[in-house]
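> What follows is input_5.cif, made up of mmCIF, C-alpha atoms:
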```cif
data_target
loop_
_atom_site.group_PDB
_atom_site.id
_atom_site.type_symbol
_atom_site.label_atom_id
_atom_site.label_comp_id
_atom_site.auth_asym_id
_atom_site.auth_seq_id
_atom_site.Cartn_x
_atom_site.Cartn_y
_atom_site.Cartn_z
ATOM 1 C CA MET A 1 29.619 8.190 3.904
ATOM 2 C CA THR A 2 28.352 6.232 6.898
ATOM 3 C CA ASN A 3 30.614 8.128 9.329
ATOM 4 C CA LYS A 4 28.599 11.271 8.635
ATOM 5 C CA LEU A 5 25.302 9.652 9.501
ATOM 6 C CA SER A 6 23.843 9.904 12.972
ATOM 7 C CA ASN A 7 20.043 9.695 12.947
ATOM 8 C CA ILE A 8 17.394 7.463 11.430
ATOM 9 C CA VAL A 9 13.831 8.583 12.120
ATOM 10 C CA VAL A 10 10.853 6.289 11.572
ATOM 11 C CA THR A 11 7.850 8.560 11.071
ATOM 12 C CA THR A 12 5.320 5.925 10.027
ATOM 13 C CA SER A 13 3.116 4.202 12.584
ATOM 14 C CA PRO A 14 2.767 1.349 13.263
ATOM 15 C CA TYR A 15 6.266 0.039 12.689
ATOM 16 C CA GLY A 16 7.348 -3.279 14.163
ATOM 17 C CA SER A 17 4.298 -3.420 16.431
ATOM 18 C CA LYS A 18 3.276 -6.984 15.485
ATOM 19 C CA ASN A 19 6.731 -8.357 14.686
ATOM 20 C CA SER A 20 9.960 -6.918 16.064
ATOM 21 C CA ASP A 21 12.167 -8.008 13.125
ATOM 22 C CA PRO A 22 12.086 -4.621 11.294
ATOM 23 C CA ARG A 23 13.109 -2.717 14.431
ATOM 24 C CA GLU A 24 15.787 -5.257 15.252
ATOM 25 C CA LEU A 25 17.254 -4.868 11.764
ATOM 26 C CA LEU A 26 17.319 -1.070 12.016
ATOM 27 C CA GLU A 27 18.862 -1.244 15.470
ATOM 28 C CA ARG A 28 21.579 -3.618 14.230
ATOM 29 C CA LEU A 29 22.301 -1.197 11.391
ATOM 30 C CA CYS A 30 22.580 1.641 13.876
ATOM 31 C CA LEU A 31 24.970 -0.343 16.037
ATOM 32 C CA ASP A 32 27.131 -1.185 13.024
ATOM 33 C CA ASN A 33 27.143 2.397 11.725
ATOM 34 C CA ASN A 34 27.300 4.426 14.926
ATOM 35 C CA MET A 35 23.787 5.749 14.425
ATOM 36 C CA LYS A 36 20.617 6.254 16.459
ATOM 37 C CA VAL A 37 17.048 5.399 15.531
ATOM 38 C CA SER A 38 13.824 6.901 16.881
ATOM 39 C CA TYR A 39 10.230 5.862 16.225
ATOM 40 C CA ASN A 40 6.782 7.371 15.998
ATOM 41 C CA GLU A 41 5.263 5.960 19.183
ATOM 42 C CA THR A 42 1.955 7.863 18.976
ATOM 43 C CA GLY A 43 0.119 4.911 17.412
ATOM 44 C CA ARG A 44 -1.160 7.163 14.613
ATOM 45 C CA LYS A 45 -0.018 9.286 11.702
ATOM 46 C CA TYR A 46 1.865 12.434 12.698
ATOM 47 C CA SER A 47 0.145 15.748 12.076
ATOM 48 C CA ARG A 48 2.120 18.100 9.858
ATOM 49 C CA GLU A 49 3.107 20.163 12.882
ATOM 50 C CA GLU A 50 4.271 17.085 14.790
ATOM 51 C CA LEU A 51 6.247 15.870 11.786
ATOM 52 C CA LEU A 52 7.997 19.231 11.428
ATOM 53 C CA GLN A 53 8.878 19.296 15.108
ATOM 54 C CA VAL A 54 10.325 15.772 15.053
ATOM 55 C CA LEU A 55 12.386 16.452 11.933
ATOM 56 C CA GLN A 56 13.688 19.778 13.220
ATOM 57 C CA ASN A 57 14.681 18.187 16.528
ATOM 58 C CA LYS A 58 16.258 15.039 15.092
ATOM 59 C CA ARG A 59 17.741 16.428 11.835
ATOM 60 C CA PRO A 60 17.769 12.925 10.313
ATOM 61 C CA GLU A 61 19.879 11.650 7.455
ATOM 62 C CA ILE A 62 17.495 8.753 6.791
ATOM 63 C CA ILE A 63 13.720 8.687 7.237
ATOM 64 C CA VAL A 64 11.494 5.610 7.106
ATOM 65 C CA VAL A 65 8.140 7.075 6.100
ATOM 66 C CA GLY A 66 4.486 6.209 5.633
ATOM 67 C CA THR A 67 1.982 8.479 3.880
ATOM 68 C CA GLU A 68 3.191 11.708 5.524
ATOM 69 C CA LYS A 69 3.601 14.609 3.113
ATOM 70 C CA TYR A 70 7.216 15.356 2.153
ATOM 71 C CA ASP A 71 7.024 18.590 0.181
ATOM 72 C CA VAL A 72 9.549 21.415 -0.132
ATOM 73 C CA SER A 73 8.835 22.956 3.263
ATOM 74 C CA ILE A 74 9.120 19.603 5.053
ATOM 75 C CA LEU A 75 12.319 18.769 3.181
ATOM 76 C CA ASP A 76 13.707 22.173 4.197
ATOM 77 C CA ALA A 77 13.416 20.992 7.801
ATOM 78 C CA CYS A 78 15.828 18.131 6.982
ATOM 79 C CA PRO A 79 19.020 19.754 5.674
ATOM 80 C CA ASN A 80 21.005 16.562 6.311
ATOM 81 C CA LEU A 81 18.555 14.211 4.637
ATOM 82 C CA ARG A 82 20.092 11.650 2.283
ATOM 83 C CA MET A 83 17.420 8.958 2.011
ATOM 84 C CA ILE A 84 13.659 8.419 2.243
ATOM 85 C CA SER A 85 12.608 4.768 2.589
ATOM 86 C CA ARG A 86 8.873 4.505 1.984
ATOM 87 C CA VAL A 87 6.904 1.769 3.752
ATOM 88 C CA GLY A 88 4.329 1.064 1.046
ATOM 89 C CA ILE A 89 3.643 1.553 -2.633
ATOM 90 C CA GLY A 90 2.363 5.093 -3.317
ATOM 91 C CA LEU A 91 4.815 7.954 -3.758
ATOM 92 C CA ASP A 92 2.352 10.803 -4.287
ATOM 93 C CA SER A 93 3.209 12.132 -0.814
ATOM 94 C CA VAL A 94 6.884 12.640 -1.724
ATOM 95 C CA ASP A 95 8.062 15.478 -3.964
ATOM 96 C CA LEU A 96 10.284 13.319 -6.173
ATOM 97 C CA ASP A 97 11.502 16.200 -8.333
ATOM 98 C CA GLU A 98 12.663 18.104 -5.291
ATOM 99 C CA CYS A 99 14.339 14.991 -3.866
ATOM 100 C CA LYS A 100 16.191 14.526 -7.134
ATOM 101 C CA LYS A 101 17.432 18.136 -7.016
ATOM 102 C CA ARG A 102 18.694 17.613 -3.482
ATOM 103 C CA GLY A 103 20.295 14.235 -4.173
ATOM 104 C CA ILE A 104 17.942 12.410 -1.819
ATOM 105 C CA CYS A 105 17.539 8.707 -2.574
ATOM 106 C CA VAL A 106 13.894 7.547 -2.459
ATOM 107 C CA THR A 107 12.884 3.887 -2.251
ATOM 108 C CA TYR A 108 9.570 2.091 -1.779
ATOM 109 C CA THR A 109 8.107 -1.383 -1.286
ATOM 110 C CA PRO A 110 5.734 -1.854 -4.216
ATOM 111 C CA ASP A 111 5.201 -5.612 -4.089
ATOM 112 C CA ALA A 112 4.563 -6.207 -0.394
ATOM 113 C CA PRO A 113 1.006 -4.798 -0.027
ATOM 114 C CA THR A 114 -0.442 -6.131 -3.299
ATOM 115 C CA ASN A 115 -2.223 -9.239 -2.054
ATOM 116 C CA ALA A 116 -3.523 -7.636 1.141
ATOM 117 C CA VAL A 117 -5.104 -4.694 -0.700
ATOM 118 C CA ALA A 118 -6.556 -7.005 -3.358
ATOM 119 C CA GLU A 119 -8.098 -9.272 -0.707
ATOM 120 C CA LEU A 120 -9.618 -6.319 1.136
ATOM 121 C CA THR A 121 -11.079 -5.093 -2.154
ATOM 122 C CA ILE A 122 -12.771 -8.448 -2.786
ATOM 123 C CA GLY A 123 -14.137 -8.502 0.740
ATOM 124 C CA GLN A 124 -15.506 -4.979 0.422
ATOM 125 C CA ILE A 125 -17.141 -5.766 -2.923
ATOM 126 C CA ILE A 126 -19.024 -8.632 -1.277
ATOM 127 C CA SER A 127 -19.932 -6.429 1.680
ATOM 128 C CA LEU A 128 -21.350 -3.749 -0.616
ATOM 129 C CA LEU A 129 -23.371 -6.236 -2.631
ATOM 130 C CA ARG A 130 -24.785 -7.968 0.471
ATOM 131 C CA LYS A 131 -24.810 -4.878 2.764
ATOM 132 C CA THR A 132 -23.364 -6.871 5.638
ATOM 133 C CA TRP A 133 -22.249 -3.802 7.623
ATOM 134 C CA ILE A 134 -25.761 -2.327 7.449
ATOM 135 C CA VAL A 135 -27.622 -5.468 8.524
ATOM 136 C CA ASP A 136 -25.124 -5.957 11.360
ATOM 137 C CA SER A 137 -26.000 -2.482 12.622
ATOM 138 C CA GLU A 138 -29.716 -3.175 12.194
ATOM 139 C CA MET A 139 -29.481 -6.389 14.219
ATOM 140 C CA ARG A 140 -27.723 -4.555 17.034
ATOM 141 C CA SER A 141 -30.649 -2.118 17.000
ATOM 142 C CA GLY A 142 -33.147 -4.973 17.319
ATOM 143 C CA ASN A 143 -34.183 -5.131 13.660
ATOM 144 C CA TRP A 144 -34.269 -8.489 11.843
ATOM 145 C CA ASP A 145 -34.010 -7.200 8.250
ATOM 146 C CA ARG A 146 -32.966 -9.895 5.760
ATOM 147 C CA PHE A 147 -31.695 -7.691 2.956
ATOM 148 C CA ILE A 148 -31.878 -9.238 -0.519
ATOM 149 C CA GLY A 149 -28.524 -8.497 -2.117
ATOM 150 C CA ARG A 150 -26.659 -9.313 -5.290
ATOM 151 C CA GLU A 151 -24.054 -11.892 -6.275
ATOM 152 C CA ILE A 152 -20.828 -11.198 -8.118
ATOM 153 C CA SER A 153 -21.885 -13.728 -10.739
ATOM 154 C CA ASN A 154 -24.794 -11.468 -11.656
ATOM 155 C CA CYS A 155 -22.763 -8.249 -11.810
ATOM 156 C CA THR A 156 -20.693 -6.413 -14.372
ATOM 157 C CA ILE A 157 -17.519 -5.324 -12.634
ATOM 158 C CA GLY A 158 -15.183 -2.548 -13.765
ATOM 159 C CA ILE A 159 -11.557 -2.222 -12.674
ATOM 160 C CA ILE A 160 -9.922 1.157 -13.264
ATOM 161 C CA GLY A 161 -6.173 0.637 -13.029
ATOM 162 C CA ALA A 162 -4.462 -2.599 -14.049
ATOM 163 C CA GLY A 163 -1.178 -2.257 -12.196
ATOM 164 C CA ARG A 164 0.007 -4.610 -9.455
ATOM 165 C CA ILE A 165 -3.083 -4.362 -7.267
ATOM 166 C CA GLY A 166 -5.699 -3.916 -9.995
ATOM 167 C CA SER A 167 -4.345 -6.929 -11.858
ATOM 168 C CA GLU A 168 -4.421 -9.024 -8.689
ATOM 169 C CA VAL A 169 -8.038 -7.992 -8.067
ATOM 170 C CA ILE A 170 -8.930 -9.080 -11.617
ATOM 171 C CA LYS A 171 -7.236 -12.455 -11.094
ATOM 172 C CA LYS A 172 -9.054 -13.062 -7.818
ATOM 173 C CA LEU A 173 -12.409 -11.939 -9.211
ATOM 174 C CA SER A 174 -12.068 -14.301 -12.171
ATOM 175 C CA SER A 175 -12.602 -17.300 -9.870
ATOM 176 C CA LEU A 176 -15.867 -15.730 -8.676
ATOM 177 C CA CYS A 177 -17.178 -15.637 -12.261
ATOM 178 C CA PRO A 178 -18.635 -12.134 -12.675
ATOM 179 C CA LYS A 179 -21.180 -11.768 -15.456
ATOM 180 C CA ARG A 180 -18.744 -9.470 -17.283
ATOM 181 C CA MET A 181 -15.515 -7.753 -16.348
ATOM 182 C CA LEU A 182 -14.273 -4.524 -17.918
ATOM 183 C CA TYR A 183 -10.944 -2.906 -17.157
ATOM 184 C CA THR A 184 -8.847 0.045 -18.155
ATOM 185 C CA ASP A 185 -5.572 1.665 -17.164
ATOM 186 C CA THR A 186 -3.806 5.000 -17.314
ATOM 187 C CA ASP A 187 -1.454 3.283 -19.781
ATOM 188 C CA PRO A 188 -3.569 2.354 -22.857
ATOM 189 C CA SER A 189 -0.995 -0.223 -23.944
ATOM 190 C CA ARG A 190 -1.718 -2.458 -20.934
ATOM 191 C CA GLU A 191 -4.227 -4.847 -22.502
ATOM 192 C CA ILE A 192 -3.029 -7.716 -20.338
ATOM 193 C CA PHE A 193 -6.265 -9.656 -19.839
ATOM 194 C CA PRO A 194 -7.496 -10.709 -23.289
ATOM 195 C CA GLU A 195 -10.281 -12.800 -21.731
ATOM 196 C CA TYR A 196 -11.879 -9.615 -20.379
ATOM 197 C CA GLU A 197 -12.930 -6.374 -22.024
ATOM 198 C CA TRP A 198 -10.492 -3.483 -22.339
ATOM 199 C CA SER A 199 -12.697 -0.452 -22.031
ATOM 200 C CA SER A 200 -12.867 3.307 -21.708
ATOM 201 C CA LYS A 201 -13.358 4.986 -18.339
ATOM 202 C CA ASP A 202 -16.791 6.328 -19.373
ATOM 203 C CA ARG A 203 -18.001 2.926 -20.541
ATOM 204 C CA ILE A 204 -17.004 1.383 -17.216
ATOM 205 C CA LEU A 205 -18.864 4.109 -15.353
ATOM 206 C CA GLU A 206 -21.966 3.686 -17.510
ATOM 207 C CA GLU A 207 -22.213 -0.117 -17.643
ATOM 208 C CA CYS A 208 -20.761 -1.533 -14.446
ATOM 209 C CA ASP A 209 -22.560 -2.502 -11.254
ATOM 210 C CA VAL A 210 -19.314 -2.439 -9.283
ATOM 211 C CA ILE A 211 -16.394 -0.071 -9.982
ATOM 212 C CA SER A 212 -13.070 -0.404 -8.168
ATOM 213 C CA LEU A 213 -10.288 2.184 -8.431
ATOM 214 C CA HIS A 214 -6.636 1.144 -8.461
ATOM 215 C CA ILE A 215 -4.699 4.073 -9.930
ATOM 216 C CA PRO A 216 -1.922 6.198 -8.435
ATOM 217 C CA LEU A 217 -2.635 9.771 -7.410
ATOM 218 C CA THR A 218 -0.919 12.249 -9.731
ATOM 219 C CA LYS A 219 -1.492 15.898 -10.596
ATOM 220 C CA HIS A 220 -3.389 14.661 -13.662
ATOM 221 C CA ASN A 221 -6.054 12.625 -11.832
ATOM 222 C CA VAL A 222 -6.949 14.613 -8.732
ATOM 223 C CA LYS A 223 -10.759 14.288 -8.436
ATOM 224 C CA TYR A 224 -10.658 11.703 -11.218
ATOM 225 C CA ILE A 225 -14.174 10.784 -10.118
ATOM 226 C CA GLY A 226 -16.248 13.924 -9.628
ATOM 227 C CA THR A 227 -19.796 15.178 -10.124
ATOM 228 C CA LYS A 228 -19.771 14.564 -13.879
ATOM 229 C CA GLU A 229 -18.455 11.023 -13.568
ATOM 230 C CA LEU A 230 -20.797 10.104 -10.719
ATOM 231 C CA SER A 231 -23.798 11.282 -12.729
ATOM 232 C CA ILE A 232 -23.009 8.555 -15.285
ATOM 233 C CA LEU A 233 -23.183 5.707 -12.780
ATOM 234 C CA LYS A 234 -26.134 3.415 -12.336
ATOM 235 C CA LYS A 235 -28.397 4.498 -9.479
ATOM 236 C CA ASP A 236 -27.513 1.353 -7.515
ATOM 237 C CA ALA A 237 -23.823 1.196 -8.412
ATOM 238 C CA CYS A 238 -21.130 0.275 -5.903
ATOM 239 C CA ILE A 239 -17.862 2.221 -6.067
ATOM 240 C CA LEU A 240 -14.679 1.370 -4.186
ATOM 241 C CA ASN A 241 -11.462 3.285 -3.590
ATOM 242 C CA THR A 242 -8.530 1.456 -2.001
ATOM 243 C CA SER A 243 -5.937 3.432 -3.950
ATOM 244 C CA ARG A 244 -5.433 7.039 -2.821
ATOM 245 C CA GLY A 245 -7.493 9.785 -1.266
ATOM 246 C CA GLY A 246 -8.046 12.645 -3.683
ATOM 247 C CA ILE A 247 -8.933 10.416 -6.621
ATOM 248 C CA ILE A 248 -12.621 10.732 -5.709
ATOM 249 C CA ASP A 249 -14.102 14.162 -5.012
ATOM 250 C CA GLU A 250 -15.422 13.489 -1.508
ATOM 251 C CA GLU A 251 -17.990 16.295 -1.518
ATOM 252 C CA ALA A 252 -19.356 15.158 -4.883
ATOM 253 C CA LEU A 253 -19.487 11.565 -3.641
ATOM 254 C CA TYR A 254 -21.398 12.682 -0.548
ATOM 255 C CA MET A 255 -23.978 14.512 -2.655
ATOM 256 C CA TRP A 256 -24.394 11.595 -5.071
ATOM 257 C CA LEU A 257 -24.799 9.001 -2.311
ATOM 258 C CA SER A 258 -27.234 11.276 -0.456
ATOM 259 C CA GLU A 259 -29.417 11.419 -3.558
ATOM 260 C CA ASN A 260 -29.072 7.718 -4.483
ATOM 261 C CA ASN A 261 -29.868 5.597 -1.456
ATOM 262 C CA ASP A 262 -29.534 2.342 -3.396
ATOM 263 C CA ALA A 263 -25.951 3.181 -4.355
ATOM 264 C CA SER A 264 -23.029 2.513 -2.024
ATOM 265 C CA ALA A 265 -19.327 3.162 -1.631
ATOM 266 C CA SER A 266 -16.408 1.527 0.130
ATOM 267 C CA ILE A 267 -13.736 4.117 0.879
ATOM 268 C CA ASP A 268 -10.444 3.127 2.493
ATOM 269 C CA VAL A 269 -8.418 6.242 1.633
ATOM 270 C CA PHE A 270 -9.206 9.917 2.126
ATOM 271 C CA GLU A 271 -7.838 13.323 1.168
ATOM 272 C CA LYS A 272 -7.125 14.094 4.818
ATOM 273 C CA GLU A 273 -6.334 11.277 7.218
ATOM 274 C CA PRO A 274 -7.491 10.565 9.891
ATOM 275 C CA TYR A 275 -10.844 11.301 8.230
ATOM 276 C CA ASP A 276 -13.803 12.776 10.115
ATOM 277 C CA GLY A 277 -15.843 14.244 7.264
ATOM 278 C CA VAL A 278 -19.400 14.114 6.011
ATOM 279 C CA LEU A 279 -19.192 10.675 4.381
ATOM 280 C CA LEU A 280 -19.289 9.142 7.848
ATOM 281 C CA SER A 281 -22.847 10.403 8.272
ATOM 282 C CA LEU A 282 -24.121 8.188 5.442
ATOM 283 C CA SER A 283 -25.278 4.621 6.038
ATOM 284 C CA ASN A 284 -24.476 3.661 2.440
ATOM 285 C CA VAL A 285 -20.759 4.320 2.955
ATOM 286 C CA LEU A 286 -18.513 1.527 4.215
ATOM 287 C CA ALA A 287 -15.535 3.476 5.586
ATOM 288 C CA THR A 288 -12.236 1.974 6.721
ATOM 289 C CA PRO A 289 -9.096 3.755 8.060
ATOM 290 C CA HIS A 290 -6.565 3.144 5.243
ATOM 291 C CA LEU A 291 -6.708 -0.554 6.058
ATOM 292 C CA GLY A 292 -5.631 -1.990 2.703
ATOM 293 C CA SER A 293 -2.110 -3.097 3.566
ATOM 294 C CA CYS A 294 -2.845 -3.878 7.210
ATOM 295 C CA SER A 295 -2.440 -7.621 7.266
ATOM 296 C CA LYS A 296 0.286 -9.186 9.386
ATOM 297 C CA LYS A 297 2.040 -10.632 6.333
ATOM 298 C CA SER A 298 1.855 -7.464 4.259
ATOM 299 C CA ARG A 299 2.843 -5.114 7.054
ATOM 300 C CA LEU A 300 5.854 -7.208 8.025
ATOM 301 C CA ALA A 301 6.999 -7.455 4.395
ATOM 302 C CA MET A 302 6.680 -3.685 3.865
ATOM 303 C CA GLU A 303 8.486 -2.803 7.080
ATOM 304 C CA LEU A 304 11.268 -5.324 6.486
ATOM 305 C CA ASP A 305 11.730 -4.253 2.857
ATOM 306 C CA ALA A 306 11.977 -0.623 3.951
ATOM 307 C CA ALA A 307 14.625 -1.539 6.544
ATOM 308 C CA LYS A 308 16.501 -3.615 3.963
ATOM 309 C CA SER A 309 16.527 -0.621 1.632
ATOM 310 C CA VAL A 310 18.242 1.352 4.409
ATOM 311 C CA ASP A 311 20.733 -1.479 4.787
ATOM 312 C CA ASN A 312 21.383 -1.488 1.038
ATOM 313 C CA TYR A 313 21.866 2.273 1.051
ATOM 314 C CA LEU A 314 24.377 2.100 3.873
ATOM 315 C CA ARG A 315 26.207 -0.624 1.978
ATOM 316 C CA SER A 316 26.000 1.513 -1.199
ATOM 317 C CA GLU A 317 24.422 -1.395 -3.063
ATOM 318 C CA ASN A 318 22.184 -1.039 -6.098
ATOM 319 C CA LEU A 319 18.559 -0.655 -4.962
ATOM 320 C CA SER A 320 15.975 -2.599 -6.950
ATOM 321 C CA HIS A 321 13.151 -0.265 -5.880
ATOM 322 C CA ARG A 322 15.062 3.013 -5.965
ATOM 323 C CA VAL A 323 13.030 5.853 -7.449
ATOM 324 C CA VAL A 324 15.517 8.757 -7.443
#
```
Would you mind writing the structure in this file as structure tokens?


Amino acid sequence: MTNKLSNIVVTTSPYGSKNSDPRELLERLCLDNNMKVSYNETGRKYSREELLQVLQNKRPEIIVVGTEKYDVSILDACPNLRMISRVGIGLDSVDLDECKKRGICVTYTPDAPTNAVAELTIGQIISLLRKTWIVDSEMRSGNWDRFIGREISNCTIGIIGAGRIGSEVIKKLSSLCPKRMLYTDTDPSREIFPEYEWSSKDRILEECDVISLHIPLTKHNVKYIGTKELSILKKDACILNTSRGGIIDEEALYMWLSENNDASASIDVFEKEPYDGVLLSLSNVLATPHLGSCSKKSRLAMELDAAKSVDNYLRSENLSHRVV
């Protein structure tokens, strides 16, 4: 099998920018298997047109990917493709059914980003409650405005999604002693925190001061939070999305935040990235550029795990995080 392989393309960026170990591993694999590797050196996510051009030029057998969209038309540009190694946890950007039809192995790194995303979530919750990004801006404008915020211990917090990251957020929040904590999951059997309240989505939206989303993006939950759901929220609620763009209807969120100045949102993921939409015009939005997994430890673990999956594939070993 390995004699037929010639190209590995790394489409995600960054890759190996803070620690060279992932690139060194891929380059050793290439040397051992008579292959070549190329990287996305733009310092940003490829546009769809750029991605198509790279894939058509390189005709890779293995791709190390980020959140780029791999649908039928993109896969058609890779007739030799045998493997997709995803740097990260979400697989909504990869057409898994189509990969299965074509015999393309898909792997991912689900454990590596968990702590980093959970820590960012906690930090953003505190920022929303204390409005630190707003008062920083006010000070830079010459205004000494000592905003009176809220403490986690006086808030009811709702976690929607109790998978790896959602569960880690719940564990970390428990040490901060919220007044109450409600949680739910797309799998109703996952009542894994008996000390907290298993709840319905609507009850979380109605009762919670802080709501954090940690669910995967599927065809069943696009715009999971829309106009109807936002209308249920408290007028000073804080909502966070560090999961996937598309789960919140961005236009509906913009309208709701425009009408409820005491409410706020922390959004780390967007339908189209890089994002330059209307939410950036609102002072009650704390926007970050898909920063959840971007810690040195997390990024290195994801990149190394993705490279190790390539190594395992070339060795024809059983992959613990193989999807198809």

> Return as a PDB file with C-alpha atoms, in the frame of the given file the set of residues that the PyMOL selection byres ((chain A and resi 87) around 9) yields on the displayed structure.


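Writing done, so here's selection11.pdb:
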```pdb
ATOM      1  CA  THR A  12       5.320   5.925  10.027  1.00  0.00           C
ATOM      2  CA  VAL A  64      11.494   5.610   7.106  1.00  0.00           C
ATOM      3  CA  VAL A  65       8.140   7.075   6.100  1.00  0.00           C
ATOM      4  CA  GLY A  66       4.486   6.209   5.633  1.00  0.00           C
ATOM      5  CA  THR A  67       1.982   8.479   3.880  1.00  0.00           C
ATOM      6  CA  SER A  85      12.608   4.768   2.589  1.00  0.00           C
ATOM      7  CA  ARG A  86       8.873   4.505   1.984  1.00  0.00           C
ATOM      8  CA  GLY A  88       4.329   1.064   1.046  1.00  0.00           C
ATOM      9  CA  ILE A  89       3.643   1.553  -2.633  1.00  0.00           C
ATOM     10  CA  THR A 107      12.884   3.887  -2.251  1.00  0.00           C
ATOM     11  CA  TYR A 108       9.570   2.091  -1.779  1.00  0.00           C
ATOM     12  CA  THR A 109       8.107  -1.383  -1.286  1.00  0.00           C
ATOM     13  CA  PRO A 110       5.734  -1.854  -4.216  1.00  0.00           C
ATOM     14  CA  ARG A 299       2.843  -5.114   7.054  1.00  0.00           C
ATOM     15  CA  MET A 302       6.680  -3.685   3.865  1.00  0.00           C
ATOM     16  CA  GLU A 303       8.486  -2.803   7.080  1.00  0.00           C
ATOM     17  CA  LEU A 304      11.268  -5.324   6.486  1.00  0.00           C
ATOM     18  CA  ASP A 305      11.730  -4.253   2.857  1.00  0.00           C
ATOM     19  CA  ALA A 306      11.977  -0.623   3.951  1.00  0.00           C
ATOM     20  CA  ALA A 307      14.625  -1.539   6.544  1.00  0.00           C
TER      21      ALA A 307
END
```

> Taking 5 positions as the minimum chain separation for residues in the same chain, which residues sit within 8 Å of Ser6 (chain A) when counting all atoms listed in the file? Answer as an mmCIF file with C-alpha atoms, in the frame of the given file.


```cif
data_model
loop_
_atom_site.group_PDB
_atom_site.id
_atom_site.type_symbol
_atom_site.label_atom_id
_atom_site.label_comp_id
_atom_site.auth_asym_id
_atom_site.auth_seq_id
_atom_site.Cartn_x
_atom_site.Cartn_y
_atom_site.Cartn_z
ATOM 1 C CA ASN A 34 27.300 4.426 14.926
ATOM 2 C CA MET A 35 23.787 5.749 14.425
ATOM 3 C CA LYS A 36 20.617 6.254 16.459
ATOM 4 C CA PRO A 60 17.769 12.925 10.313
ATOM 5 C CA GLU A 61 19.879 11.650 7.455
#
```

> Box along x, y and z, 5 Å on every side, all listed atoms of region 37-41 of chain A inside: centre and edge lengths in Å to one decimal, as JSON.


```
{"center_x": 11.2, "center_y": 6.4, "center_z": 17.4, "size_x": 21.8, "size_y": 12.0, "size_z": 13.7}
```

> Could you expand the PyMOL selection byres ((chain A and resi 52) around 10) into the explicit residues it covers here, written as a ChimeraX atom specification?

/A:46-51,53-58,73-78

> For the file shown, report as number ranges by chain the outcome of the PyMOL selection byres ((chain A and resi 120) around 12) at residue level.

A: 113-119, 121-127, 165, 168-169, 172, 212, 240-243, 266-268, 288, 290-295, 298

> Given the choices A:Lys223, A:Arg23, A:Arg44, A:Arg164, which gets closest to Glu68 (chain A) if the distance is worked out from only C-alpha atoms?

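For Glu68 (chain A), the nearest of the given residues is A:Arg44.
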
> Taking the partial coordinates given, rebuild region 106-115 of chain A to contain N, CA, C and O atoms; return it as a PDB file, in the frame of the given file.


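part.pdb was written with the following content:
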```
ATOM      1  N   VAL A 106      15.243   7.941  -2.885  1.00  0.00           N
ATOM      2  CA  VAL A 106      13.894   7.547  -2.459  1.00  0.00           C
ATOM      3  C   VAL A 106      13.646   6.107  -2.897  1.00  0.00           C
ATOM      4  O   VAL A 106      13.836   5.767  -4.063  1.00  0.00           O
ATOM      5  N   THR A 107      13.228   5.283  -1.940  1.00  0.00           N
ATOM      6  CA  THR A 107      12.884   3.887  -2.251  1.00  0.00           C
ATOM      7  C   THR A 107      11.468   3.596  -1.750  1.00  0.00           C
ATOM      8  O   THR A 107      10.917   4.343  -0.944  1.00  0.00           O
ATOM      9  N   TYR A 108      10.905   2.490  -2.223  1.00  0.00           N
ATOM     10  CA  TYR A 108       9.570   2.091  -1.779  1.00  0.00           C
ATOM     11  C   TYR A 108       9.456   0.585  -1.819  1.00  0.00           C
ATOM     12  O   TYR A 108      10.403  -0.115  -2.204  1.00  0.00           O
ATOM     13  N   THR A 109       8.301   0.065  -1.385  1.00  0.00           N
ATOM     14  CA  THR A 109       8.107  -1.383  -1.286  1.00  0.00           C
ATOM     15  C   THR A 109       6.865  -1.771  -2.085  1.00  0.00           C
ATOM     16  O   THR A 109       5.824  -2.106  -1.503  1.00  0.00           O
ATOM     17  N   PRO A 110       6.946  -1.745  -3.403  1.00  0.00           N
ATOM     18  CA  PRO A 110       5.734  -1.854  -4.216  1.00  0.00           C
ATOM     19  C   PRO A 110       5.060  -3.214  -4.224  1.00  0.00           C
ATOM     20  O   PRO A 110       3.855  -3.301  -4.471  1.00  0.00           O
ATOM     21  N   ASP A 111       5.792  -4.279  -3.973  1.00  0.00           N
ATOM     22  CA  ASP A 111       5.201  -5.612  -4.089  1.00  0.00           C
ATOM     23  C   ASP A 111       4.514  -6.086  -2.813  1.00  0.00           C
ATOM     24  O   ASP A 111       3.536  -6.833  -2.872  1.00  0.00           O
ATOM     25  N   ALA A 112       5.009  -5.651  -1.678  1.00  0.00           N
ATOM     26  CA  ALA A 112       4.563  -6.207  -0.394  1.00  0.00           C
ATOM     27  C   ALA A 112       3.071  -6.073  -0.127  1.00  0.00           C
ATOM     28  O   ALA A 112       2.444  -7.022   0.360  1.00  0.00           O
ATOM     29  N   PRO A 113       2.418  -4.923  -0.405  1.00  0.00           N
ATOM     30  CA  PRO A 113       1.006  -4.798  -0.027  1.00  0.00           C
ATOM     31  C   PRO A 113       0.006  -5.328  -1.045  1.00  0.00           C
ATOM     32  O   PRO A 113      -1.202  -5.279  -0.798  1.00  0.00           O
ATOM     33  N   THR A 114       0.463  -5.822  -2.187  1.00  0.00           N
ATOM     34  CA  THR A 114      -0.442  -6.131  -3.299  1.00  0.00           C
ATOM     35  C   THR A 114      -1.556  -7.091  -2.906  1.00  0.00           C
ATOM     36  O   THR A 114      -2.739  -6.818  -3.109  1.00  0.00           O
ATOM     37  N   ASN A 115      -1.199  -8.233  -2.350  1.00  0.00           N
ATOM     38  CA  ASN A 115      -2.223  -9.239  -2.054  1.00  0.00           C
ATOM     39  C   ASN A 115      -3.186  -8.763  -0.983  1.00  0.00           C
ATOM     40  O   ASN A 115      -4.397  -8.991  -1.072  1.00  0.00           O
TER      41      ASN A 115
END
```
